[in-house]
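What follows is a set of notes on a single structure, which appears directly below.
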Amino acid sequence: MFSTTKMRLLKRVYSSSLCIVLLGCQLAVNTTVSYADPGPLPIVIPVTQTQAVAKGEEFERTRQWIKAIEHYEESLKEWPDNDSIKYGLRRAKIHFGIDRRYQDDSFNKVLLVQSRRESFILYDEILAKIQSHFVDPLSTTSFVAHGTESLYLALANDEFVKVHLKNVPPEKIRNMRRILRERYWNKGVNGFHGAHQLINEVCDLSYQNLGLRDSAVIAEYTFGGCNALDDYSSFLTPERLGDLYDNIEGEFVGIGIEMKAEIGEGMLLINVLPESPAENAGVLAGDHIVSIDGTDCRHMTTDAAANLLRGTSGSQVVLELESPKTEQVRSARVTRKAVQVRSFPIVKMIDQENGIGYIKMTGFQKTSAAELDAALQKLHGEGMRALIWDVRGNPGGLLSAAVEVLDRFIDEGKLVSTKGRVSDQNWSYTAHRPGTWKIPLVLLVDENSASASEIVAGALTDHRRATVVGRKTYGKWSVQSIFPIRGSTGLRLTTAKFYSPHGNTYGKIGIKPGITVEKDELRTAMYGASQEQKLATDSDIKRGLQILQRQYAVTP
């Protein structure tokens with residue numbers, strides 16, 4: 001499956017922490033924004049493996065990387081052993097990553113201006129950190145080989161060529177790609193010295209044949225080398241690192257929306273944060289932004305539109321919005337300001353008669369435990385005797401936050417453990433009896449409940465502490481650490497796997513709920529509906545209410 005990226009448009013807040021352990025999952029691909037493609041292809045439902053490969057290659061030829069990724073991932077569900085589909089998916093992801101780098105101002109301003117020496121110092125620091133901390137051993141040969149592959153594909157990437165090779169004859173580029181294939185493909189290297197020797201040779205050849213600068217070559221070996229890691233590990237530009245810290249801190253300057261590009265239609269608003277500038281200006285989830293300060297954005301990437309939306313606190317931006325119901329365009333003037341992203345945006349009693357409360361949790365961040373305490377006290381004061389805890393669509397966050405919120409509901413025993421290749425990644429976390437809420441509990445999960453959400457589901461299941469309702473979870477059972485690197489860059493690295501109290505891990509499997517409810521399409525179609533209307537028509541919540549009312553209600 002492939003999920004929409006959560007793109008919060010916001011000014012970054014840097015952290016001084018040396019290493020932050022997190023469990024966040026940006027589903028399927030580390031960061032996902034849509035490429036400005038030339039238009040939709042005819043819909044052809046592949047019925048054979050050959051047709052599936054051909055359709056994916058057509059998406060690639062027209063530079064529709066996101067559509068290619070989605071298509072290949074769906075095709076792999078049908079034909080999981082097809083090598084052509086697997087490599088098509090790999091190619092599309094690498095091209096997507098190259099595109100995104102070259103649309104990132106911090107990449108262009110910080111990394112592409114480095115000298116060969118500076119680039120190698122950064123390369124060595126990243127490789128050393130990976131070889132000492134990544135959860136699985138990784139050889140220098142593999143890291144370098146993936147860099148060669150990335151440069152090979154970059155030489156055929158429009159964004160890369162536009163920046164570096166605009167006036168270079170295509171036959172020269174093809175010849176350089178041939179050299180990479182024939183001389184350097186999967187070539188063995190011996191340690192850091194061997195890596196330097198090979199990359200130096202490629203830098204010299206690239207400059208002689210193409211006039212390509214060293215920093216561009218070594219950047220592909222750096223970012224490309226990280227393609228040898230898992231889907232949750234990556235080298236982060238200053239801007240990407242800042243965005244990640246923003247999510248951890250839960251505070252931004254911006255307008256408070258989550259969006260994705262839909263080519264030809266604009267920026268689809270996936271979510272409008274409560275009490276945000278966007279909500280105050282009448283912006284609704286389901287709207288399409290079609291213009292930003294007079295600039296048409298219907299054929300932009302998410303990153304390009306996000307750059308137009310950035311600004312300082314107190315500044316204004318004018319949006320033109322199209323309603324999905326009326327297709328009419330209206331204007332909204334939005335003032336940017338500091339936005340608090342709450343872990344629990346919805347806290348309310350949904351069955352006052354039977355004392356059933358409801359909390360919606362959207363992320364695990366530094367403030368989560370304090371927010372949960374406040375939410376539980378509020379509901380207790382309103383007569384709560386049972387609770388529905390909703391982590392559907394919650395991609396995870398901080399490991400410490402997952403442990404802290406679980407400790408509010410489990411009074412003793414193990415909550416979660418982690419095991420890594422390095423001893424300092426091996427930890428076991430246990431519950432503390434004081435402060436435990438012993439109320440009946442239903443946990444709602446779905447296919448986008450990942451990582452820290454799965455720690456919660458695993459612990460509540462193993463301790464038989466809650467009834468889990470919904471659909472099978474995503475299946476991300478690994479721990480990432482953030483390592484700041486020179487130049488305000490960073491490394492997000494998988495350093496351990498985590499295990500439920502009974503010692504189970506569900507990577508790529510997910511946790512199956514005790515009670516399965518079919519996915520409710522109505523919830524996504526209720527444009528403009530009130531919060532009460534959405535909750536009242538939600539099939540998962542209805543099922544949770546039935547369980548608690550039947551088991552714990554004071555009156556029938």
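Ordering of the structure tokens sets the chain letters (A, B, ...); residue numbers start at 1 within each chain; ligands are numbered from 1 in the order shown.
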**Report entry** Within 6 Å of region 309-323 of chain A using only C-alpha atoms, minus same-chain residues under 5 positions, as an NGL selection string
**Finding:** :A and (287-293 or 328-337)
Report task. For Arg177 (chain A), work out the shell of residues within 9 Å, counting only C-alpha atoms and skipping chain neighbours fewer than 6 positions away, then give it as a PyMOL selection string. Result -> chain A and resi 151-153+155-156
Report task. Run DSSP on the backbone and give me the residues of region 90-235 of chain A it puts in helix (DSSP H, G or I), as a ChimeraX atom specification. Result -> /A:90-102,105-111,116-133,140-154,158-164,170-184,191-210,214-228
**Report entry** Arg471 (chain A) environment, 10 Å, only C-alpha atoms, sequence neighbours closer than 2 positions dropped, as number ranges by chain
**Finding:** A: 392, 444-449, 468-469, 473-474, 510-519, 540
Got time to write the residues from that selection, N, CA, C and O atoms, as a PDB file, in the first residue's frame?
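Result saved to out-v5.pdb:
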ATOM      1  N   ARG A 392      -6.350   5.193  14.791  1.00  0.00           N
ATOM      2  CA  ARG A 392      -6.413   4.969  13.344  1.00  0.00           C
ATOM      3  C   ARG A 392      -5.678   6.102  12.622  1.00  0.00           C
ATOM      4  O   ARG A 392      -5.812   7.266  12.972  1.00  0.00           O
ATOM      5  N   LEU A 444      -9.161   1.533  18.750  1.00  0.00           N
ATOM      6  CA  LEU A 444      -9.477   1.495  17.325  1.00  0.00           C
ATOM      7  C   LEU A 444      -8.188   1.597  16.515  1.00  0.00           C
ATOM      8  O   LEU A 444      -7.379   2.508  16.725  1.00  0.00           O
ATOM      9  N   VAL A 445      -8.000   0.669  15.567  1.00  0.00           N
ATOM     10  CA  VAL A 445      -6.810   0.655  14.711  1.00  0.00           C
ATOM     11  C   VAL A 445      -7.229   0.466  13.259  1.00  0.00           C
ATOM     12  O   VAL A 445      -8.340   0.026  12.970  1.00  0.00           O
ATOM     13  N   ASP A 446      -6.303   0.800  12.354  1.00  0.00           N
ATOM     14  CA  ASP A 446      -6.542   0.509  10.940  1.00  0.00           C
ATOM     15  C   ASP A 446      -5.214   0.257  10.242  1.00  0.00           C
ATOM     16  O   ASP A 446      -4.160   0.164  10.890  1.00  0.00           O
ATOM     17  N   GLU A 447      -5.250   0.159   8.916  1.00  0.00           N
ATOM     18  CA  GLU A 447      -4.065  -0.171   8.136  1.00  0.00           C
ATOM     19  C   GLU A 447      -2.998   0.915   8.185  1.00  0.00           C
ATOM     20  O   GLU A 447      -1.845   0.674   7.813  1.00  0.00           O
ATOM     21  N   ASN A 448      -3.333   2.101   8.656  1.00  0.00           N
ATOM     22  CA  ASN A 448      -2.361   3.180   8.787  1.00  0.00           C
ATOM     23  C   ASN A 448      -1.962   3.443  10.233  1.00  0.00           C
ATOM     24  O   ASN A 448      -1.299   4.439  10.524  1.00  0.00           O
ATOM     25  N   SER A 449      -2.347   2.559  11.146  1.00  0.00           N
ATOM     26  CA  SER A 449      -1.848   2.616  12.520  1.00  0.00           C
ATOM     27  C   SER A 449      -0.490   1.918  12.527  1.00  0.00           C
ATOM     28  O   SER A 449      -0.401   0.715  12.295  1.00  0.00           O
ATOM     29  N   VAL A 468      -9.477  -4.718  20.831  1.00  0.00           N
ATOM     30  CA  VAL A 468      -8.936  -3.998  19.674  1.00  0.00           C
ATOM     31  C   VAL A 468      -9.904  -4.183  18.500  1.00  0.00           C
ATOM     32  O   VAL A 468     -10.253  -5.309  18.140  1.00  0.00           O
ATOM     33  N   VAL A 469     -10.314  -3.064  17.898  1.00  0.00           N
ATOM     34  CA  VAL A 469     -11.357  -3.053  16.871  1.00  0.00           C
ATOM     35  C   VAL A 469     -10.841  -2.333  15.626  1.00  0.00           C
ATOM     36  O   VAL A 469     -10.141  -1.322  15.737  1.00  0.00           O
ATOM     37  N   THR A 473      -3.115  -3.667  11.458  1.00  0.00           N
ATOM     38  CA  THR A 473      -2.227  -2.511  11.487  1.00  0.00           C
ATOM     39  C   THR A 473      -1.151  -2.608  10.401  1.00  0.00           C
ATOM     40  O   THR A 473      -0.999  -3.633   9.737  1.00  0.00           O
ATOM     41  N   TYR A 474      -0.382  -1.536  10.272  1.00  0.00           N
ATOM     42  CA  TYR A 474       0.546  -1.393   9.141  1.00  0.00           C
ATOM     43  C   TYR A 474       1.673  -2.413   9.129  1.00  0.00           C
ATOM     44  O   TYR A 474       2.064  -2.914   8.079  1.00  0.00           O
ATOM     45  N   GLY A 510       1.833  -6.868  10.840  1.00  0.00           N
ATOM     46  CA  GLY A 510       0.781  -6.090  11.480  1.00  0.00           C
ATOM     47  C   GLY A 510       0.014  -6.909  12.498  1.00  0.00           C
ATOM     48  O   GLY A 510       0.091  -8.147  12.531  1.00  0.00           O
ATOM     49  N   ILE A 511      -0.723  -6.209  13.336  1.00  0.00           N
ATOM     50  CA  ILE A 511      -1.541  -6.856  14.367  1.00  0.00           C
ATOM     51  C   ILE A 511      -2.981  -6.925  13.884  1.00  0.00           C
ATOM     52  O   ILE A 511      -3.570  -5.912  13.491  1.00  0.00           O
ATOM     53  N   LYS A 512      -3.543  -8.100  13.927  1.00  0.00           N
ATOM     54  CA  LYS A 512      -4.938  -8.276  13.551  1.00  0.00           C
ATOM     55  C   LYS A 512      -5.817  -7.956  14.751  1.00  0.00           C
ATOM     56  O   LYS A 512      -5.604  -8.470  15.848  1.00  0.00           O
ATOM     57  N   PRO A 513      -6.812  -7.082  14.585  1.00  0.00           N
ATOM     58  CA  PRO A 513      -7.667  -6.729  15.728  1.00  0.00           C
ATOM     59  C   PRO A 513      -8.503  -7.906  16.194  1.00  0.00           C
ATOM     60  O   PRO A 513      -8.770  -8.843  15.427  1.00  0.00           O
ATOM     61  N   GLY A 514      -8.938  -7.838  17.435  1.00  0.00           N
ATOM     62  CA  GLY A 514      -9.814  -8.894  17.951  1.00  0.00           C
ATOM     63  C   GLY A 514     -11.147  -8.898  17.237  1.00  0.00           C
ATOM     64  O   GLY A 514     -11.755  -9.955  17.040  1.00  0.00           O
ATOM     65  N   ILE A 515     -11.624  -7.726  16.850  1.00  0.00           N
ATOM     66  CA  ILE A 515     -12.882  -7.598  16.110  1.00  0.00           C
ATOM     67  C   ILE A 515     -12.614  -6.781  14.849  1.00  0.00           C
ATOM     68  O   ILE A 515     -12.196  -5.621  14.930  1.00  0.00           O
ATOM     69  N   THR A 516     -12.826  -7.389  13.698  1.00  0.00           N
ATOM     70  CA  THR A 516     -12.576  -6.722  12.422  1.00  0.00           C
ATOM     71  C   THR A 516     -13.842  -6.032  11.932  1.00  0.00           C
ATOM     72  O   THR A 516     -14.930  -6.617  11.959  1.00  0.00           O
ATOM     73  N   VAL A 517     -13.679  -4.781  11.495  1.00  0.00           N
ATOM     74  CA  VAL A 517     -14.780  -4.015  10.919  1.00  0.00           C
ATOM     75  C   VAL A 517     -14.362  -3.605   9.511  1.00  0.00           C
ATOM     76  O   VAL A 517     -13.242  -3.138   9.306  1.00  0.00           O
ATOM     77  N   GLU A 518     -15.219  -3.787   8.537  1.00  0.00           N
ATOM     78  CA  GLU A 518     -14.889  -3.403   7.166  1.00  0.00           C
ATOM     79  C   GLU A 518     -14.660  -1.902   7.087  1.00  0.00           C
ATOM     80  O   GLU A 518     -15.301  -1.123   7.786  1.00  0.00           O
ATOM     81  N   LYS A 519     -13.761  -1.495   6.208  1.00  0.00           N
ATOM     82  CA  LYS A 519     -13.417  -0.080   6.071  1.00  0.00           C
ATOM     83  C   LYS A 519     -14.652   0.738   5.708  1.00  0.00           C
ATOM     84  O   LYS A 519     -15.416   0.377   4.827  1.00  0.00           O
ATOM     85  N   ASP A 540     -16.474   2.071  13.020  1.00  0.00           N
ATOM     86  CA  ASP A 540     -15.587   1.558  14.064  1.00  0.00           C
ATOM     87  C   ASP A 540     -16.031   2.056  15.436  1.00  0.00           C
ATOM     88  O   ASP A 540     -16.049   1.303  16.412  1.00  0.00           O
TER      89      ASP A 540
END
Report task. Pick out the closest residue to His380 (chain A) from this set: A:Gly475, A:Gly396, A:Gly355, A:Gly194. Count only C-alpha atoms. Result ->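 With only C-alpha atoms as the atom set, the closest residue is A:Gly355.
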Requested in this report: Could you give me, as a list in words, the residues within 7 Å of region 424-437 of chain A, counting only C-alpha atoms and dropping anything in the same chain fewer than 6 positions from it?
Outcome: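 Skipping anything fewer than 6 positions along the chain leaves Asp407, Arg408, Phe409, Ile410, Asp411, Glu412, Gly413, Lys414, Leu415, Val416, Ser417, Thr418, Thr495 and Ala496 of chain A.
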Query raised in the report: Expressed in Å to a single decimal, how great is the separation between CA of Thr237 (chain A) and CA of Gly56 (chain A)?
Result: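 Answer for the CA of Thr237 (chain A) to CA of Gly56 (chain A) separation: 29.1 Å.
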Requested in this report: Report as an MDAnalysis selection string: the residues of region 140-303 of chain A with a DSSP assignment of strand (DSSP E or B), based on the backbone of this structure.
Outcome: chainID A and resid 234:236 251:254 257:262 266:272 288:292 295:296
Query raised in the report: Contacts of region 118-129 of chain A at 9 Å or less, counting only C-alpha atoms, minus same-chain residues fewer than 6 places along, as a list in words?
Result: Leu111, Leu112, Thr140, Phe143, Phe192, His196, Asp214, Ser215, Ile218, Ala219, Tyr221, Thr222, Gly225, Cys226, Phe235, Phe483, Ile485, Arg486, Gly487, Gly490, Leu491 and Leu493 of chain A
Query raised in the report: Just how far from CA of Ser500 (chain A) is CA of Val391 (chain A), in Å to one decimal?
Result: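 Taking CA of Val391 (chain A) and CA of Ser500 (chain A), their separation equals 17.2 Å.
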**Report entry** Contact residues around Gly256 (chain A) with only C-alpha atoms at 12 Å, ignoring same-chain residues under 2 positions, as an MDAnalysis selection string
**Finding:** chainID A and resid 6:11 250:254 258:259 269:281 283:285 306 309:310 334:342
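Put simply, CA of Glu78 (chain A) is 29.1 Å away from CA of Ser142 (chain A).
Using only C-alpha atoms, the shortest contact distance between His146 (chain A) and any of A:Asp81, A:Asn227, A:Pro170, A:Leu205 is found at A:Asn227.
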